[in-house]
Amino acid sequence: MAKYRKLGRTSDQRKALLRNQVTNLLYHGKIVTTEARAKEVRKIAEGLIALGVKEKDNFETVKVTAKVPRKDKDGKRVKEVVDGKKVTVFDSVEKEIKKDLPSRLHARRQMLRVLYPVVEVPAKAAGKKKGTKEVDLVAKLFDEYGPKYASRNGGYTRIIKIGPRKGDAAMEVVLELV
């Protein structure tokens, strides 16, 4: 017996499909797909959430000084003339950042191996590059899903059957986070 479903695709197509569906499940919270795909996506997603739960508190906070460019009231960088050249003025700012411990860093890299990068586009600027922002799904797994599912021992997803698909009568399901 096979250890996984082949889903009628070559290995590279199958991996891409599963990565895409896991990314969308974690970003949106639920997806509609076929039953066989949902069972495969569930395996991967639950493993990632379990990693997030396990490593959620495995970091240390560190104070760092960063150089930040000074800005005027319009949001533009302030420049001053030094030796006949225009140079940006920088201010030193103290920040507290989370520094991953080695096991959390390893977990982060394992998650990044599966998840695709997600770019959020505002509705009014659809099709334009300006105003888009990158969503950090790994941070969402550690900061949001980790504490949410800390008291659960697995079973982070649920499959609800919604009936056969019209075209090919494949059983469609909703795969959602509990």
# chains A, B, ... in the order shown; residues from 1 in each chain; ligands from 1

call {"tool": "select_by_dssp", "arguments": {"residues": "stretch 23-59 of chain A", "states": "alpha helix (DSSP H)", "output": "ChimeraX atom specification"}}
result
/A:23-28,35-54

call {"tool": "residues_around", "arguments": {"residues": "stretch 142-149 of chain A", "least_positions_apart": "2", "cutoff": "7 Å", "atoms": "only C-alpha atoms", "output": "PDB file with C-alpha atoms, in the first residue's frame"}}
result
ATOM      1  CA  ILE A  49       0.831  23.757  12.913  1.00  0.00           C
ATOM      2  CA  GLY A  52       4.331  26.196  15.341  1.00  0.00           C
ATOM      3  CA  VAL A  53       2.770  25.036  18.622  1.00  0.00           C
ATOM      4  CA  LYS A  56       5.960  29.176  19.807  1.00  0.00           C
ATOM      5  CA  VAL A 138       5.566  31.613   9.369  1.00  0.00           C
ATOM      6  CA  ALA A 139       5.124  34.434  11.900  1.00  0.00           C
ATOM      7  CA  LYS A 140       1.369  33.805  11.748  1.00  0.00           C
ATOM      8  CA  SER A 151      -4.009  23.200  24.491  1.00  0.00           C
ATOM      9  CA  ARG A 152      -4.945  20.785  21.671  1.00  0.00           C
TER      10      ARG A 152
END

call {"tool": "residues_around", "arguments": {"residues": "A:Leu17", "least_positions_apart": "2", "cutoff": "12 Å", "atoms": "only C-alpha atoms", "output": "list in words"}}
result
Lys6, Leu7, Gly8, Arg9, Thr10, Ser11, Asp12, Gln13, Arg14, Lys15, Arg19, Asn20, Gln21, Val22, Thr23, Asn24, Thr33, Arg37, Ala38, Glu40, Val41, Val114, Leu115 and Tyr116 of chain A

call {"tool": "atom_distance", "arguments": {"atom1": "atom CA of A:Glu46", "atom2": "atom CA of A:Lys30"}}
result
13.3 Å

call {"tool": "closest_residue", "arguments": {"among": "A:Ala50, A:Val64, A:Leu25, A:Val78", "to": "A:Val93", "atoms": "only C-alpha atoms"}}
result
A:Val64

call {"tool": "closest_residue", "arguments": {"among": "A:Met171, A:Leu26, A:Leu177, A:Ile97", "to": "A:Lys63", "atoms": "only C-alpha atoms"}}
result
A:Ile97

call {"tool": "select_by_dssp", "arguments": {"residues": "stretch 54-167 of chain A", "states": "strand (DSSP E)", "output": "CSV table (one decimal) with N, CA, C and O atoms, in the first residue's frame"}}
result
chain,number,residue,atom,x,y,z
A,59,PHE,N,12.2,31.6,21.9
A,59,PHE,CA,12.9,32.8,21.3
A,59,PHE,C,13.4,33.6,22.5
A,59,PHE,O,12.9,33.4,23.7
A,60,GLU,N,14.3,34.5,22.2
A,60,GLU,CA,14.7,35.5,23.3
A,60,GLU,C,14.6,36.9,22.7
A,60,GLU,O,14.8,37.1,21.5
A,61,THR,N,14.3,37.8,23.5
A,61,THR,CA,14.2,39.2,23.1
A,61,THR,C,15.6,39.9,23.3
A,61,THR,O,16.2,39.8,24.3
A,62,VAL,N,16.0,40.6,22.3
A,62,VAL,CA,17.3,41.3,22.3
A,62,VAL,C,17.1,42.7,21.9
A,62,VAL,O,16.3,43.1,21.0
A,63,LYS,N,17.8,43.6,22.6
A,63,LYS,CA,17.8,45.0,22.3
A,63,LYS,C,18.9,45.3,21.2
A,63,LYS,O,20.0,44.9,21.4
A,64,VAL,N,18.5,46.0,20.2
A,64,VAL,CA,19.4,46.4,19.1
A,64,VAL,C,19.2,47.8,18.8
A,64,VAL,O,18.2,48.4,18.9
A,65,THR,N,20.4,48.5,18.4
A,65,THR,CA,20.3,49.8,17.9
A,65,THR,C,20.3,49.8,16.4
A,65,THR,O,21.1,49.1,15.8
A,66,ALA,N,19.4,50.5,15.8
A,66,ALA,CA,19.3,50.5,14.4
A,66,ALA,C,19.3,52.0,13.9
A,66,ALA,O,18.9,52.9,14.6
A,67,LYS,N,19.9,52.2,12.7
A,67,LYS,CA,20.0,53.5,12.1
A,67,LYS,C,18.7,53.6,11.2
A,67,LYS,O,18.6,52.9,10.2
A,68,VAL,N,17.9,54.6,11.5
A,68,VAL,CA,16.7,54.9,10.7
A,68,VAL,C,16.8,56.3,10.1
A,68,VAL,O,17.2,57.2,10.7
A,69,PRO,N,16.4,56.4,8.8
A,69,PRO,CA,16.5,57.7,8.1
A,69,PRO,C,15.5,58.7,8.7
A,69,PRO,O,14.3,58.3,9.0
A,79,LYS,N,17.7,65.5,3.9
A,79,LYS,CA,19.0,65.5,3.4
A,79,LYS,C,19.8,66.7,3.9
A,79,LYS,O,19.2,67.8,4.0
A,80,GLU,N,21.1,66.5,4.1
A,80,GLU,CA,21.9,67.7,4.4
A,80,GLU,C,23.2,67.6,3.5
A,80,GLU,O,23.6,66.6,3.1
A,81,VAL,N,23.8,68.8,3.3
A,81,VAL,CA,25.0,68.9,2.4
A,81,VAL,C,26.2,68.7,3.3
A,81,VAL,O,26.4,69.4,4.3
A,82,VAL,N,27.0,67.7,2.9
A,82,VAL,CA,28.3,67.4,3.6
A,82,VAL,C,29.4,67.3,2.5
A,82,VAL,O,29.3,66.4,1.6
A,85,LYS,N,28.1,67.2,-1.1
A,85,LYS,CA,27.2,66.1,-1.5
A,85,LYS,C,26.0,66.1,-0.6
A,85,LYS,O,26.1,66.4,0.6
A,86,LYS,N,24.8,65.7,-1.2
A,86,LYS,CA,23.6,65.6,-0.4
A,86,LYS,C,23.7,64.2,0.3
A,86,LYS,O,23.8,63.2,-0.4
A,87,VAL,N,23.5,64.2,1.6
A,87,VAL,CA,23.6,62.9,2.4
A,87,VAL,C,22.3,62.8,3.3
A,87,VAL,O,21.9,63.8,3.9
A,88,THR,N,21.8,61.6,3.3
A,88,THR,CA,20.6,61.4,4.2
A,88,THR,C,21.0,61.4,5.7
A,88,THR,O,22.1,60.9,6.0
A,90,PHE,N,20.6,60.2,9.4
A,90,PHE,CA,20.1,59.0,10.1
A,90,PHE,C,20.0,59.2,11.6
A,90,PHE,O,20.9,60.0,12.2
A,91,ASP,N,19.0,58.7,12.3
A,91,ASP,CA,18.9,58.7,13.7
A,91,ASP,C,19.1,57.3,14.3
A,91,ASP,O,18.7,56.3,13.6
A,92,SER,N,19.7,57.1,15.5
A,92,SER,CA,19.8,55.8,16.1
A,92,SER,C,18.6,55.5,17.0
A,92,SER,O,18.2,56.4,17.7
A,93,VAL,N,18.0,54.3,16.8
A,93,VAL,CA,16.8,54.0,17.5
A,93,VAL,C,17.0,52.6,18.2
A,93,VAL,O,17.6,51.7,17.6
A,94,GLU,N,16.6,52.5,19.4
A,94,GLU,CA,16.7,51.2,20.1
A,94,GLU,C,15.4,50.4,19.9
A,94,GLU,O,14.3,50.9,20.0
A,95,LYS,N,15.6,49.1,19.5
A,95,LYS,CA,14.5,48.3,19.2
A,95,LYS,C,14.6,47.0,20.0
A,95,LYS,O,15.8,46.5,20.2
A,96,GLU,N,13.5,46.3,20.3
A,96,GLU,CA,13.5,45.0,20.9
A,96,GLU,C,13.1,44.0,19.8
A,96,GLU,O,12.0,44.2,19.2
A,97,ILE,N,13.9,43.0,19.5
A,97,ILE,CA,13.5,42.1,18.4
A,97,ILE,C,13.5,40.7,19.0
A,97,ILE,O,14.2,40.4,20.0
A,98,LYS,N,12.8,39.8,18.4
A,98,LYS,CA,12.7,38.4,18.8
A,98,LYS,C,13.9,37.7,18.0
A,98,LYS,O,13.9,37.7,16.8
A,99,LYS,N,14.7,37.0,18.8
A,99,LYS,CA,15.8,36.2,18.2
A,99,LYS,C,15.5,34.8,18.4
A,99,LYS,O,15.4,34.3,19.5
A,100,ASP,N,15.3,34.0,17.3
A,100,ASP,CA,15.0,32.6,17.3
A,100,ASP,C,16.2,31.8,17.9
A,100,ASP,O,17.3,32.1,17.6
A,118,VAL,N,3.3,34.8,0.2
A,118,VAL,CA,2.0,35.4,0.0
A,118,VAL,C,2.1,36.9,-0.1
A,118,VAL,O,2.6,37.5,0.8
A,119,VAL,N,1.5,37.5,-1.2
A,119,VAL,CA,1.5,38.9,-1.3
A,119,VAL,C,0.0,39.4,-1.3
A,119,VAL,O,-0.8,38.9,-2.0
A,120,GLU,N,-0.2,40.3,-0.4
A,120,GLU,CA,-1.6,40.8,-0.2
A,120,GLU,C,-1.7,42.1,-1.0
A,120,GLU,O,-0.9,43.0,-0.9
A,133,LYS,N,1.7,44.2,0.0
A,133,LYS,CA,2.6,43.9,1.1
A,133,LYS,C,2.7,42.4,1.3
A,133,LYS,O,1.8,41.6,1.0
A,134,GLU,N,3.9,41.9,1.7
A,134,GLU,CA,4.2,40.5,1.8
A,134,GLU,C,3.7,40.1,3.2
A,134,GLU,O,3.9,40.7,4.2
A,135,VAL,N,3.0,38.9,3.2
A,135,VAL,CA,2.4,38.4,4.4
A,135,VAL,C,3.4,37.3,5.0
A,135,VAL,O,3.8,36.4,4.2
A,157,THR,N,-7.4,20.5,12.1
A,157,THR,CA,-8.3,20.7,10.9
A,157,THR,C,-9.5,19.9,10.9
A,157,THR,O,-9.6,18.9,11.6
A,158,ARG,N,-10.5,20.3,10.1
A,158,ARG,CA,-11.7,19.5,10.0
A,158,ARG,C,-12.1,19.4,8.5
A,158,ARG,O,-11.9,20.4,7.8
A,159,ILE,N,-12.6,18.3,8.1
A,159,ILE,CA,-13.1,18.0,6.8
A,159,ILE,C,-14.6,17.9,6.8
A,159,ILE,O,-15.1,17.0,7.5
A,160,ILE,N,-15.3,18.7,6.0
A,160,ILE,CA,-16.8,18.7,6.0
A,160,ILE,C,-17.2,18.4,4.5
A,160,ILE,O,-16.8,19.2,3.6
A,161,LYS,N,-17.9,17.3,4.3
A,161,LYS,CA,-18.3,17.0,2.9
A,161,LYS,C,-19.4,17.9,2.5
A,161,LYS,O,-20.4,18.1,3.2
A,162,ILE,N,-19.4,18.4,1.2
A,162,ILE,CA,-20.4,19.3,0.7
A,162,ILE,C,-21.1,18.7,-0.5
A,162,ILE,O,-21.9,19.3,-1.1
A,163,GLY,N,-20.7,17.4,-0.9
A,163,GLY,CA,-21.4,16.8,-2.0
A,163,GLY,C,-20.6,16.7,-3.3
A,163,GLY,O,-19.5,17.2,-3.3
A,164,PRO,N,-21.1,15.9,-4.2
A,164,PRO,CA,-20.3,15.7,-5.5
A,164,PRO,C,-20.2,16.9,-6.3
A,164,PRO,O,-21.2,17.7,-6.4

call {"tool": "closest_residue", "arguments": {"among": "A:Asp168, A:Glu35, A:Glu55, A:Glu176", "to": "A:Pro102", "atoms": "only C-alpha atoms"}}
result
A:Glu55

call {"tool": "atom_distance", "arguments": {"atom1": "atom CA of A:Leu141", "atom2": "atom CA of A:His106"}}
result
14.1 Å

call {"tool": "atom_distance", "arguments": {"atom1": "atom CA of A:Ile44", "atom2": "atom CA of A:Leu101"}}
result
23.6 Å

call {"tool": "closest_residue", "arguments": {"among": "A:Thr34, A:Asp72, A:Arg104, A:Gly127", "to": "A:Val89", "atoms": "only C-alpha atoms"}}
result
A:Asp72
